[in-house]
file query_20.cif (mmCIF, C-alpha atoms and all ligand atoms)
data_query
loop_
_atom_site.label_atom_id
_atom_site.label_comp_id
_atom_site.auth_asym_id
_atom_site.auth_seq_id
_atom_site.Cartn_x
_atom_site.Cartn_y
_atom_site.Cartn_z
CA MET A 19 15.80 13.61 -12.82
CA LYS A 20 16.57 11.72 -16.03
CA MET A 21 14.37 8.91 -17.31
CA LEU A 22 15.47 6.26 -19.81
CA ILE A 23 12.53 4.71 -21.71
CA THR A 24 13.13 1.51 -23.67
CA GLY A 25 10.64 0.37 -26.33
CA ALA A 26 9.94 4.08 -26.91
CA ASN A 27 8.37 3.54 -30.36
CA GLY A 28 5.82 0.95 -29.22
CA GLN A 29 2.17 1.66 -28.45
CA LEU A 30 2.88 2.12 -24.72
CA GLY A 31 6.41 3.53 -25.04
CA SER A 32 5.36 6.27 -27.47
CA GLU A 33 2.53 7.31 -25.14
CA ILE A 34 4.90 7.47 -22.15
CA VAL A 35 7.32 9.61 -24.17
CA ARG A 36 4.48 11.90 -25.27
CA GLN A 37 3.07 12.41 -21.77
CA ALA A 38 6.48 12.66 -20.07
CA THR A 39 7.62 15.26 -22.62
CA ASP A 40 4.45 17.29 -21.98
CA MET A 41 5.19 17.10 -18.24
CA GLY A 42 8.68 18.46 -18.82
CA TYR A 43 10.66 15.33 -17.93
CA ASP A 44 14.28 15.07 -18.97
CA LEU A 45 14.10 11.80 -20.91
CA LEU A 46 15.74 9.60 -23.50
CA GLY A 47 13.54 7.21 -25.48
CA VAL A 48 15.30 4.32 -27.25
CA ASP A 49 14.18 1.42 -29.43
CA LEU A 50 15.27 -0.91 -32.22
CA PRO A 51 17.22 -0.87 -34.47
CA GLU A 52 19.70 1.51 -32.77
CA HIS A 53 19.36 0.09 -29.26
CA ASP A 54 18.83 -3.66 -28.99
CA ILE A 55 18.36 -4.36 -25.28
CA THR A 56 18.96 -8.10 -25.73
CA GLN A 57 22.65 -7.09 -25.95
CA PRO A 58 24.14 -6.55 -22.47
CA GLU A 59 26.85 -4.20 -23.85
CA THR A 60 24.16 -1.97 -25.41
CA VAL A 61 22.25 -1.76 -22.14
CA ASN A 62 25.39 -1.13 -20.06
CA ARG A 63 26.62 1.55 -22.45
CA LEU A 64 23.23 3.30 -22.54
CA ILE A 65 23.05 3.45 -18.76
CA GLN A 66 26.68 4.54 -18.40
CA ASP A 67 26.43 7.24 -21.05
CA TYR A 68 22.99 8.66 -20.23
CA GLY A 69 23.12 8.20 -16.42
CA PRO A 70 19.37 7.93 -15.79
CA SER A 71 17.77 8.31 -12.34
CA LEU A 72 15.07 5.84 -13.44
CA VAL A 73 14.65 3.27 -16.23
CA LEU A 74 11.20 2.41 -17.61
CA ASN A 75 11.11 -0.70 -19.79
CA ALA A 76 8.24 -0.73 -22.29
CA ALA A 77 10.10 -2.95 -24.79
CA ALA A 78 8.87 -6.48 -25.38
CA PHE A 79 8.21 -9.15 -27.97
CA THR A 80 4.42 -8.80 -27.90
CA GLN A 81 3.21 -10.90 -30.84
CA VAL A 82 1.66 -13.66 -28.79
CA ASP A 83 1.02 -16.14 -31.63
CA LEU A 84 4.32 -15.49 -33.41
CA ALA A 85 6.17 -16.14 -30.14
CA GLU A 86 5.14 -19.82 -30.40
CA SER A 87 7.31 -20.20 -33.53
CA GLN A 88 9.92 -17.54 -32.63
CA GLU A 89 10.58 -18.83 -29.15
CA LYS A 90 14.26 -17.87 -29.07
CA LEU A 91 13.61 -14.25 -29.96
CA ALA A 92 10.66 -13.98 -27.55
CA TRP A 93 12.86 -15.25 -24.68
CA ALA A 94 15.72 -12.95 -25.69
CA VAL A 95 13.52 -9.82 -25.59
CA ASN A 96 11.14 -10.71 -22.76
CA ALA A 97 13.49 -12.56 -20.42
CA ASP A 98 17.18 -11.93 -21.28
CA ALA A 99 16.74 -8.19 -21.92
CA ALA A 100 14.89 -7.82 -18.60
CA LEU A 101 17.90 -9.49 -16.93
CA ASN A 102 20.29 -7.12 -18.74
CA LEU A 103 18.35 -4.11 -17.49
CA ALA A 104 18.09 -5.45 -13.94
CA LEU A 105 21.84 -6.13 -13.73
CA ALA A 106 22.80 -2.77 -15.24
CA CYS A 107 20.41 -0.91 -12.91
CA SER A 108 21.54 -2.87 -9.88
CA GLY A 109 25.19 -1.97 -10.59
CA GLN A 110 24.33 1.74 -10.51
CA ASP A 111 21.52 1.62 -7.90
CA ILE A 112 18.92 2.84 -10.43
CA PRO A 113 15.24 1.94 -9.96
CA LEU A 114 13.50 0.07 -12.80
CA ILE A 115 9.82 0.12 -13.77
CA HIS A 116 8.98 -2.87 -15.95
CA ILE A 117 5.73 -3.86 -17.68
CA SER A 118 4.33 -7.36 -17.47
CA THR A 119 1.17 -9.11 -18.52
CA ASP A 120 -2.02 -10.91 -17.47
CA PHE A 121 -0.80 -13.78 -19.72
CA VAL A 122 1.41 -14.99 -16.82
CA PHE A 123 -1.83 -16.45 -15.38
CA ASP A 124 -3.61 -19.60 -16.55
CA GLY A 125 -7.10 -18.06 -16.43
CA LYS A 126 -8.61 -20.70 -14.18
CA LYS A 127 -9.61 -18.23 -11.44
CA LYS A 128 -13.15 -16.88 -11.31
CA THR A 129 -12.35 -13.65 -9.44
CA PRO A 130 -9.80 -10.93 -10.32
CA TYR A 131 -6.18 -12.02 -9.97
CA LEU A 132 -4.14 -10.63 -7.08
CA GLU A 133 -0.44 -9.78 -7.35
CA SER A 134 0.27 -12.66 -4.97
CA ASP A 135 -1.56 -15.32 -7.03
CA PRO A 136 0.73 -18.00 -8.46
CA VAL A 137 1.69 -17.62 -12.11
CA ALA A 138 1.11 -20.48 -14.56
CA PRO A 139 1.57 -19.13 -18.09
CA LEU A 140 0.06 -21.06 -20.99
CA SER A 141 2.08 -19.62 -23.89
CA VAL A 142 5.69 -18.90 -24.88
CA TYR A 143 4.91 -15.19 -24.56
CA GLY A 144 3.51 -15.64 -21.02
CA LYS A 145 6.39 -17.92 -19.96
CA SER A 146 9.06 -15.58 -21.31
CA LYS A 147 7.43 -12.55 -19.64
CA ALA A 148 7.16 -14.41 -16.32
CA ALA A 149 10.86 -15.33 -16.59
CA GLY A 150 11.73 -11.65 -17.23
CA ASP A 151 9.78 -10.63 -14.12
CA ASP A 152 11.66 -13.24 -12.04
CA HIS A 153 15.03 -12.01 -13.32
CA ILE A 154 14.14 -8.51 -12.16
CA ARG A 155 12.91 -9.67 -8.73
CA ASP A 156 16.04 -11.80 -8.25
CA ASN A 157 18.56 -9.14 -9.25
CA LEU A 158 17.22 -5.71 -8.37
CA GLU A 159 15.50 -4.69 -5.16
CA ASN A 160 14.40 -1.27 -6.45
CA HIS A 161 11.89 -2.45 -9.01
CA VAL A 162 8.22 -1.92 -9.78
CA ILE A 163 6.65 -4.49 -12.11
CA VAL A 164 3.24 -3.42 -13.42
CA ARG A 165 1.12 -6.16 -14.97
CA THR A 166 -1.44 -4.94 -17.45
CA SER A 167 -3.91 -6.52 -19.88
CA TRP A 168 -5.60 -6.13 -23.28
CA LEU A 169 -3.53 -3.04 -24.10
CA TYR A 170 -4.37 -0.73 -27.00
CA GLY A 171 -3.56 2.81 -28.00
CA VAL A 172 -3.57 5.32 -30.81
CA GLN A 173 -0.13 4.12 -32.00
CA GLY A 174 0.65 0.60 -33.20
CA ASN A 175 -1.47 -2.37 -34.15
CA ASN A 176 -4.06 -3.61 -31.74
CA PHE A 177 -7.45 -5.28 -31.37
CA VAL A 178 -9.39 -2.00 -31.62
CA LYS A 179 -7.81 -1.06 -34.94
CA THR A 180 -8.25 -4.59 -36.27
CA MET A 181 -11.98 -4.60 -35.41
CA ILE A 182 -12.55 -1.22 -37.07
CA ARG A 183 -10.67 -2.35 -40.19
CA LEU A 184 -12.53 -5.68 -40.41
CA ALA A 185 -15.90 -4.02 -39.82
CA SER A 186 -15.26 -1.66 -42.73
CA GLU A 187 -14.30 -4.58 -45.04
CA ARG A 188 -16.80 -7.32 -44.05
CA GLU A 189 -20.46 -7.64 -43.24
CA THR A 190 -19.96 -10.32 -40.61
CA LEU A 191 -17.58 -10.39 -37.68
CA ASN A 192 -17.11 -13.40 -35.40
CA VAL A 193 -15.35 -12.82 -32.09
CA VAL A 194 -14.70 -15.13 -29.13
CA ALA A 195 -17.14 -14.69 -26.29
CA ASP A 196 -15.65 -17.07 -23.70
CA GLN A 197 -12.42 -15.22 -22.84
CA PHE A 198 -12.76 -12.42 -20.30
CA GLY A 199 -10.42 -9.61 -19.31
CA CYS A 200 -9.94 -5.89 -18.77
CA PRO A 201 -9.16 -3.61 -21.73
CA THR A 202 -6.52 -0.96 -20.91
CA THR A 203 -5.50 2.11 -22.91
CA ALA A 204 -1.85 3.02 -23.39
CA ALA A 205 -2.77 6.57 -22.30
CA ASP A 206 -4.20 5.45 -18.93
CA LEU A 207 -1.31 3.05 -18.31
CA ALA A 208 1.32 5.67 -19.25
CA ASN A 209 -0.33 8.08 -16.84
CA ALA A 210 -0.24 5.45 -14.08
CA LEU A 211 3.45 4.72 -14.76
CA LEU A 212 4.34 8.40 -14.64
CA THR A 213 2.52 8.73 -11.31
CA ILE A 214 4.68 5.87 -10.00
CA SER A 215 7.79 7.55 -11.47
CA ARG A 216 6.99 10.78 -9.62
CA ALA A 217 6.55 8.82 -6.38
CA ILE A 218 9.94 7.14 -6.90
CA PHE A 219 11.60 10.51 -7.56
CA SER A 220 10.04 12.17 -4.55
CA SER A 221 9.77 9.57 -1.80
CA PRO A 222 12.34 7.35 -0.11
CA ASP A 223 9.57 5.01 1.11
CA ILE A 224 8.54 3.10 -1.98
CA ARG A 225 7.04 -0.37 -1.58
CA TRP A 226 8.93 -2.08 -4.38
CA GLY A 227 7.36 -5.12 -6.01
CA THR A 228 4.57 -6.18 -8.33
CA TYR A 229 1.37 -4.26 -9.06
CA HIS A 230 -1.65 -4.64 -11.32
CA TYR A 231 -3.10 -1.91 -13.50
CA CYS A 232 -5.90 -2.29 -16.08
CA GLY A 233 -9.11 -0.62 -17.18
CA GLN A 234 -12.09 -0.93 -14.85
CA GLY A 235 -14.69 -3.52 -15.86
CA ILE A 236 -14.54 -7.08 -17.13
CA VAL A 237 -15.66 -7.96 -20.65
CA SER A 238 -15.37 -10.72 -23.22
CA TRP A 239 -13.55 -10.06 -26.50
CA HIS A 240 -16.99 -10.22 -28.12
CA GLN A 241 -18.45 -7.52 -25.83
CA PHE A 242 -15.33 -5.41 -26.38
CA ALA A 243 -15.60 -5.79 -30.16
CA GLN A 244 -19.31 -4.85 -30.14
CA ALA A 245 -18.55 -1.71 -28.11
CA ILE A 246 -15.76 -0.79 -30.57
CA ILE A 247 -18.12 -1.12 -33.54
CA ASP A 248 -20.90 0.83 -31.78
CA MET A 249 -18.50 3.71 -31.08
CA ALA A 250 -16.60 3.64 -34.38
CA LYS A 251 -19.77 3.79 -36.49
CA LYS A 252 -20.33 7.36 -35.25
CA TYR A 253 -17.22 8.30 -37.25
CA ARG A 254 -17.09 5.80 -40.14
CA ASP A 255 -19.43 3.91 -42.44
CA LEU A 256 -19.01 0.30 -41.39
CA LYS A 257 -20.28 -2.77 -43.23
CA ALA A 258 -20.63 -4.82 -40.03
CA ASN A 259 -22.95 -3.55 -37.31
CA GLN A 260 -23.27 -6.71 -35.25
CA VAL A 261 -20.55 -8.97 -33.89
CA ASN A 262 -21.37 -12.68 -33.63
CA PRO A 263 -20.24 -14.47 -30.46
CA ILE A 264 -18.18 -17.63 -31.06
CA PRO A 265 -16.40 -20.04 -28.71
CA THR A 266 -12.59 -20.16 -28.50
CA SER A 267 -12.78 -23.64 -30.05
CA ALA A 268 -14.09 -22.03 -33.29
CA TYR A 269 -11.06 -19.69 -33.51
CA PRO A 270 -7.94 -21.78 -32.94
CA THR A 271 -4.69 -19.81 -32.52
CA PRO A 272 -1.07 -21.00 -32.10
CA ALA A 273 -0.90 -19.59 -28.53
CA ILE A 274 -3.33 -20.62 -25.79
CA ARG A 275 -4.78 -17.62 -23.98
CA PRO A 276 -6.18 -17.46 -20.43
CA ALA A 277 -9.99 -17.73 -20.40
CA TYR A 278 -10.16 -15.20 -17.57
CA SER A 279 -7.48 -12.64 -16.77
CA ALA A 280 -9.18 -9.79 -14.90
CA MET A 281 -6.83 -8.27 -12.34
CA ASN A 282 -7.46 -6.67 -8.96
CA CYS A 283 -5.91 -3.18 -8.86
CA ASP A 284 -6.40 -2.29 -5.17
CA ARG A 285 -2.68 -2.41 -4.37
CA ILE A 286 -1.62 0.26 -6.89
CA LEU A 287 -4.44 2.50 -5.64
CA LYS A 288 -3.40 2.07 -2.00
CA GLN A 289 0.32 2.54 -2.57
CA PHE A 290 0.44 5.13 -5.37
CA GLY A 291 -3.08 6.62 -5.49
CA VAL A 292 -3.49 5.34 -9.07
CA HIS A 293 -7.16 4.98 -10.05
CA GLN A 294 -8.58 2.73 -12.74
CA HIS A 295 -10.68 4.29 -15.50
CA PRO A 296 -13.94 2.70 -16.70
CA TRP A 297 -12.97 0.80 -19.86
CA LYS A 298 -15.83 2.25 -21.93
CA ASP A 299 -14.87 5.88 -21.18
CA SER A 300 -11.25 5.23 -22.16
CA LEU A 301 -12.33 3.37 -25.31
CA LYS A 302 -14.53 6.30 -26.33
CA GLN A 303 -11.65 8.78 -25.95
CA THR A 304 -9.18 6.55 -27.80
CA ILE A 305 -11.52 5.86 -30.73
CA HIS A 306 -12.22 9.58 -31.02
CA GLN A 307 -8.47 10.27 -31.15
CA MET A 308 -7.83 7.40 -33.59
CA LEU A 309 -10.54 8.36 -36.03
CA THR A 310 -10.36 12.15 -35.89
CA GLY A 311 -6.66 12.60 -35.18
CA SER A 312 -7.46 15.00 -32.34
N1 LIG A 401 -0.19 -5.34 -26.17
C1 LIG A 401 -0.89 -5.93 -25.18
O1 LIG A 401 -2.07 -6.30 -25.32
C2 LIG A 401 -0.25 -6.13 -23.83
C3 LIG A 401 -1.00 -6.74 -22.82
C4 LIG A 401 -0.40 -6.92 -21.58
C5 LIG A 401 0.89 -6.49 -21.35
N2 LIG A 401 1.59 -5.90 -22.36
C6 LIG A 401 2.96 -5.46 -22.08
O2 LIG A 401 3.00 -4.04 -22.19
C7 LIG A 401 4.29 -3.63 -22.64
C8 LIG A 401 4.15 -2.70 -23.83
O3 LIG A 401 3.50 -3.40 -24.88
P1 LIG A 401 3.14 -2.69 -26.26
O4 LIG A 401 1.82 -3.23 -26.69
O5 LIG A 401 3.38 -1.24 -26.18
O6 LIG A 401 4.25 -3.36 -27.19
P2 LIG A 401 4.73 -2.93 -28.66
O7 LIG A 401 3.80 -1.95 -29.26
O8 LIG A 401 5.01 -4.22 -29.37
O9 LIG A 401 6.10 -2.17 -28.36
C9 LIG A 401 7.25 -2.84 -27.93
C10 LIG A 401 8.42 -2.06 -28.44
O10 LIG A 401 9.62 -2.75 -28.02
C11 LIG A 401 10.49 -2.78 -29.13
N3 LIG A 401 11.46 -3.87 -29.03
C12 LIG A 401 11.29 -5.18 -29.39
N4 LIG A 401 12.44 -5.86 -29.24
C13 LIG A 401 13.35 -4.96 -28.76
C14 LIG A 401 14.73 -5.06 -28.47
N5 LIG A 401 15.41 -6.21 -28.59
N6 LIG A 401 15.38 -3.95 -28.04
C15 LIG A 401 14.72 -2.77 -27.93
N7 LIG A 401 13.42 -2.62 -28.21
C16 LIG A 401 12.74 -3.71 -28.64
C17 LIG A 401 9.56 -2.97 -30.32
O11 LIG A 401 10.23 -2.67 -31.52
P3 LIG A 401 9.74 -3.44 -32.87
O12 LIG A 401 8.32 -3.03 -33.08
O13 LIG A 401 10.70 -2.91 -33.91
O14 LIG A 401 9.88 -4.90 -32.59
C18 LIG A 401 8.46 -1.98 -29.97
O15 LIG A 401 8.78 -0.66 -30.39
C19 LIG A 401 5.07 -4.91 -22.92
O16 LIG A 401 5.85 -5.23 -21.79
C20 LIG A 401 3.99 -5.97 -23.06
O17 LIG A 401 4.46 -7.25 -22.75
C21 LIG A 401 1.06 -5.70 -23.60
#

call {"tool": "encode", "arguments": {"input": "query_20.cif", "output": "structure tokens"}}
result
Amino acid sequence: MKMLITGANGQLGSEIVRQATDMGYDLLGVDLPEHDITQPETVNRLIQDYGPSLVLNAAAFTQVDLAESQEKLAWAVNADAALNLALACSGQDIPLIHISTDFVFDGKKKTPYLESDPVAPLSVYGKSKAAGDDHIRDNLENHVIVRTSWLYGVQGNNFVKTMIRLASERETLNVVADQFGCPTTAADLANALLTISRAIFSSPDIRWGTYHYCGQGIVSWHQFAQAIIDMAKKYRDLKANQVNPIPTSAYPTPAIRPAYSAMNCDRILKQFGVHQHPWKDSLKQTIHQMLTGS
């Protein structure tokens, strides 16, 4: 069984490659600049030459604020490349696992989003990701789309690293307290995706479609930041010990974010036996790895 992983150098992609390699998978991880998946010829050639039994797409344009000014590139990577992959997989009858986002929702709900809830993205990033998901649904039956949220890992830039850096430089940190969601580690998500991969390899009865996977527990960015500081200070001298709560209105950004984007993960548990992990436990493990290298 051969697995092609796109976006293999990203925070999620690198974790999938690491875990899949440990599990003994036969895999090929590809990324920019050698393999630009916005180019249909590149995608077709990759799939022809490597002949994967499964494709896992972890590539995306993920800089949410930059996407507002780089709309064309965001659509090329998040929507057009997803179409390229769906068409190439459909031609060869290859299943595709694709990653999507909580930012396809508008955040007006007060209870965790279900897979069946209507999407209403607020940003270029959210709109381009929703369009990519639609391309896959419209062109390839054998697909699993996994929406996730507030992703961070040991590799790459993310909120956790930013908070630790800022807390070591400044005495005061202000973080928005009126946006709520579910932090998710790249390690937990990669593990969930590899469980789904194994199910696809071993069972003919997959319920294709859209699933949610995120850490267990709902927090504000402010609560998340305070937990990061509390855990990181066991390893580092930090200047800031307390995080001040501020409203979104006091921290304007180019992209509008959903005020609430918690997701219900019952479906992935029922279909694939994938469990959520309490967000604080996963944060503790990731910070330990980040700050000790082990
Ligand atoms: N980060 C989050 O908070 C978050 C939340 C919800 C959902 N997600 C979703 O989770 C998935 C993984 O996100 P992530 O945080 O791991 O992203 P990431 O760290 O930004 O990794 C994405 C990877 O895709 C590569 N890439 C970009 N354009 C490409 C192209 N044209 N062809 C081939 N590769 C390309 C990037 O390369 P460069 O770095 O060179 O551009 C990068 O290595 C994405 O689908 C994202 O939308 C992320």

call {"tool": "residues_around", "arguments": {"input": "query_20.cif", "residues": "Ser186 (chain A)", "least_positions_apart": "4", "cutoff": "12 Å", "atoms": "only C-alpha atoms", "output": "PyMOL selection string"}}
result
chain A and resi 179-182+190-191+247+250-251+253-259

call {"tool": "write_last_selection", "arguments": {"input": "query_20.cif", "atoms": "C-alpha atoms", "output": "tab-separated table (two decimals), keeping the file's coordinate frame"}}
result
chain	number	residue	atom	x	y	z
A	179	LYS	CA	-7.81	-1.06	-34.94
A	180	THR	CA	-8.25	-4.59	-36.27
A	181	MET	CA	-11.98	-4.60	-35.41
A	182	ILE	CA	-12.55	-1.22	-37.07
A	190	THR	CA	-19.96	-10.32	-40.61
A	191	LEU	CA	-17.58	-10.39	-37.68
A	247	ILE	CA	-18.12	-1.12	-33.54
A	250	ALA	CA	-16.60	3.64	-34.38
A	251	LYS	CA	-19.77	3.79	-36.49
A	253	TYR	CA	-17.22	8.30	-37.25
A	254	ARG	CA	-17.09	5.80	-40.14
A	255	ASP	CA	-19.43	3.91	-42.44
A	256	LEU	CA	-19.01	0.30	-41.39
A	257	LYS	CA	-20.28	-2.77	-43.23
A	258	ALA	CA	-20.63	-4.82	-40.03
A	259	ASN	CA	-22.95	-3.55	-37.31

call {"tool": "residues_near_ligand", "arguments": {"input": "query_20.cif", "ligand": "ligand LIG 401 (chain A)", "cutoff": "8 Å", "atoms": "only C-alpha atoms and all ligand atoms", "output": "VMD selection string"}}
result
chain A and resid 24 to 32 48 to 51 53 to 57 75 to 81 94 to 96 99 116 to 121 147 165 to 170 173 to 176 204

call {"tool": "residues_around", "arguments": {"input": "query_20.cif", "residues": "Val237 (chain A)", "least_positions_apart": "3", "cutoff": "9 Å", "atoms": "all atoms listed in the file", "output": "PyMOL selection string"}}
result
chain A and resi 195+197-201+240-242+280

call {"tool": "write_last_selection", "arguments": {"input": "query_20.cif", "atoms": "C-alpha atoms", "output": "compact mmCIF listing (two decimals), keeping the file's coordinate frame"}}
result
# COMPACT_ATOMS: atom_id res chain seq x y z
CA ALA A 195 -17.14 -14.69 -26.29
CA GLN A 197 -12.42 -15.22 -22.84
CA PHE A 198 -12.76 -12.42 -20.30
CA GLY A 199 -10.42 -9.61 -19.31
CA CYS A 200 -9.94 -5.89 -18.77
CA PRO A 201 -9.16 -3.61 -21.73
CA HIS A 240 -16.99 -10.22 -28.12
CA GLN A 241 -18.45 -7.52 -25.83
CA PHE A 242 -15.33 -5.41 -26.38
CA ALA A 280 -9.18 -9.79 -14.90

call {"tool": "residues_near_point", "arguments": {"input": "query_20.cif", "point": "(-4.1, -16.2, -18.7)", "cutoff": "6 Å", "atoms": "only C-alpha atoms", "output": "number ranges by chain"}}
result
A: 120-125, 275-276, 279

call {"tool": "closest_residue", "arguments": {"input": "query_20.cif", "among": "A:His293, A:Lys20, A:Arg188, A:His161", "to": "Val261 (chain A)", "atoms": "all atoms listed in the file"}}
result
A:Arg188

call {"tool": "closest_residue", "arguments": {"input": "query_20.cif", "among": "A:Thr213, A:Val178, A:Pro222, A:Thr271", "to": "Thr304 (chain A)", "atoms": "only C-alpha atoms"}}
result
A:Val178

call {"tool": "residues_near_point", "arguments": {"input": "query_20.cif", "point": "(-7.8, -3.9, -10.6)", "cutoff": "10 Å", "atoms": "only C-alpha atoms", "output": "compact mmCIF listing (two decimals) with C-alpha atoms, in the frame of the given file"}}
result
# COMPACT_ATOMS: atom_id res chain seq x y z
CA PRO A 130 -9.80 -10.93 -10.32
CA TYR A 131 -6.18 -12.02 -9.97
CA LEU A 132 -4.14 -10.63 -7.08
CA GLU A 133 -0.44 -9.78 -7.35
CA THR A 166 -1.44 -4.94 -17.45
CA CYS A 200 -9.94 -5.89 -18.77
CA TYR A 229 1.37 -4.26 -9.06
CA HIS A 230 -1.65 -4.64 -11.32
CA TYR A 231 -3.10 -1.91 -13.50
CA CYS A 232 -5.90 -2.29 -16.08
CA GLY A 233 -9.11 -0.62 -17.18
CA GLN A 234 -12.09 -0.93 -14.85
CA GLY A 235 -14.69 -3.52 -15.86
CA ILE A 236 -14.54 -7.08 -17.13
CA ALA A 280 -9.18 -9.79 -14.90
CA MET A 281 -6.83 -8.27 -12.34
CA ASN A 282 -7.46 -6.67 -8.96
CA CYS A 283 -5.91 -3.18 -8.86
CA ASP A 284 -6.40 -2.29 -5.17
CA ARG A 285 -2.68 -2.41 -4.37
CA ILE A 286 -1.62 0.26 -6.89
CA LEU A 287 -4.44 2.50 -5.64
CA HIS A 293 -7.16 4.98 -10.05
CA GLN A 294 -8.58 2.73 -12.74
CA HIS A 295 -10.68 4.29 -15.50

call {"tool": "atom_distance", "arguments": {"input": "query_20.cif", "atom1": "CA of Gly227 (chain A)", "atom2": "CA of Leu72 (chain A)"}}
result
15.3 Å

call {"tool": "closest_residue", "arguments": {"input": "query_20.cif", "among": "A:Asp156, A:Leu114, A:Thr39, A:Val137", "to": "Leu74 (chain A)", "atoms": "all atoms listed in the file"}}
result
A:Leu114

call {"tool": "closest_residue", "arguments": {"input": "query_20.cif", "among": "A:Leu46, A:Val172, A:Ala106, A:Ala217", "to": "Gly311 (chain A)", "atoms": "all atoms listed in the file"}}
result
A:Val172

call {"tool": "residues_around", "arguments": {"input": "query_20.cif", "residues": "Pro58 (chain A)", "least_positions_apart": "6", "cutoff": "12 Å", "atoms": "all atoms listed in the file", "output": "NGL selection string"}}
result
:A and (64-65 or 94-95 or 98-107)

call {"tool": "axis_aligned_box", "arguments": {"input": "query_20.cif", "around": "region 207-217 of chain A", "padding_each_side": "8 Å", "output": "lines of an AutoDock Vina configuration file"}}
result
center_x = 3.2
center_y = 6.9
center_z = -12.8
size_x = 25.1
size_y = 23.7
size_z = 28.9

call {"tool": "atom_distance", "arguments": {"input": "query_20.cif", "atom1": "CA of Val61 (chain A)", "atom2": "CA of Ala38 (chain A)"}}
result
21.5 Å

call {"tool": "atom_distance", "arguments": {"input": "query_20.cif", "atom1": "CA of Lys128 (chain A)", "atom2": "CA of Ser141 (chain A)"}}
result
19.9 Å

call {"tool": "decode", "arguments": {"input": "query_20.cif", "residues": "region 34-49 of chain A", "atoms": "N, CA and C atoms", "output": "PDB file, in the first residue's frame"}}
result
ATOM      1  N   ILE A  34       2.577  13.680   9.821  1.00  0.00           N
ATOM      2  CA  ILE A  34       2.037  12.469   9.169  1.00  0.00           C
ATOM      3  C   ILE A  34       3.193  11.622   8.644  1.00  0.00           C
ATOM      4  N   VAL A  35       4.155  12.288   7.986  1.00  0.00           N
ATOM      5  CA  VAL A  35       5.300  11.555   7.430  1.00  0.00           C
ATOM      6  C   VAL A  35       6.063  10.855   8.559  1.00  0.00           C
ATOM      7  N   ARG A  36       6.267  11.576   9.658  1.00  0.00           N
ATOM      8  CA  ARG A  36       7.016  10.990  10.786  1.00  0.00           C
ATOM      9  C   ARG A  36       6.312   9.748  11.337  1.00  0.00           C
ATOM     10  N   GLN A  37       5.004   9.887  11.607  1.00  0.00           N
ATOM     11  CA  GLN A  37       4.275   8.755  12.198  1.00  0.00           C
ATOM     12  C   GLN A  37       4.131   7.604  11.205  1.00  0.00           C
ATOM     13  N   ALA A  38       3.853   7.941   9.934  1.00  0.00           N
ATOM     14  CA  ALA A  38       3.648   6.883   8.925  1.00  0.00           C
ATOM     15  C   ALA A  38       4.958   6.126   8.678  1.00  0.00           C
ATOM     16  N   THR A  39       6.070   6.843   8.715  1.00  0.00           N
ATOM     17  CA  THR A  39       7.378   6.190   8.544  1.00  0.00           C
ATOM     18  C   THR A  39       7.622   5.227   9.711  1.00  0.00           C
ATOM     19  N   ASP A  40       7.341   5.704  10.941  1.00  0.00           N
ATOM     20  CA  ASP A  40       7.497   4.833  12.123  1.00  0.00           C
ATOM     21  C   ASP A  40       6.633   3.582  12.020  1.00  0.00           C
ATOM     22  N   MET A  41       5.452   3.736  11.387  1.00  0.00           N
ATOM     23  CA  MET A  41       4.526   2.594  11.275  1.00  0.00           C
ATOM     24  C   MET A  41       4.882   1.683  10.105  1.00  0.00           C
ATOM     25  N   GLY A  42       5.916   2.072   9.349  1.00  0.00           N
ATOM     26  CA  GLY A  42       6.378   1.215   8.262  1.00  0.00           C
ATOM     27  C   GLY A  42       5.623   1.378   6.953  1.00  0.00           C
ATOM     28  N   TYR A  43       4.903   2.485   6.795  1.00  0.00           N
ATOM     29  CA  TYR A  43       4.194   2.729   5.526  1.00  0.00           C
ATOM     30  C   TYR A  43       5.180   2.958   4.391  1.00  0.00           C
ATOM     31  N   ASP A  44       4.773   2.537   3.206  1.00  0.00           N
ATOM     32  CA  ASP A  44       5.494   2.867   1.984  1.00  0.00           C
ATOM     33  C   ASP A  44       4.924   4.218   1.541  1.00  0.00           C
ATOM     34  N   LEU A  45       5.721   5.284   1.631  1.00  0.00           N
ATOM     35  CA  LEU A  45       5.128   6.596   1.361  1.00  0.00           C
ATOM     36  C   LEU A  45       6.070   7.501   0.581  1.00  0.00           C
ATOM     37  N   LEU A  46       5.441   8.484  -0.076  1.00  0.00           N
ATOM     38  CA  LEU A  46       6.203   9.549  -0.723  1.00  0.00           C
ATOM     39  C   LEU A  46       5.619  10.874  -0.244  1.00  0.00           C
ATOM     40  N   GLY A  47       6.467  11.704   0.390  1.00  0.00           N
ATOM     41  CA  GLY A  47       6.028  13.021   0.832  1.00  0.00           C
ATOM     42  C   GLY A  47       6.535  14.078  -0.139  1.00  0.00           C
ATOM     43  N   VAL A  48       5.659  14.947  -0.620  1.00  0.00           N
ATOM     44  CA  VAL A  48       6.073  15.982  -1.575  1.00  0.00           C
ATOM     45  C   VAL A  48       5.604  17.358  -1.114  1.00  0.00           C
ATOM     46  N   ASP A  49       6.302  18.377  -1.584  1.00  0.00           N
ATOM     47  CA  ASP A  49       5.953  19.756  -1.185  1.00  0.00           C
ATOM     48  C   ASP A  49       6.560  20.716  -2.210  1.00  0.00           C
TER      49      ASP A  49
END
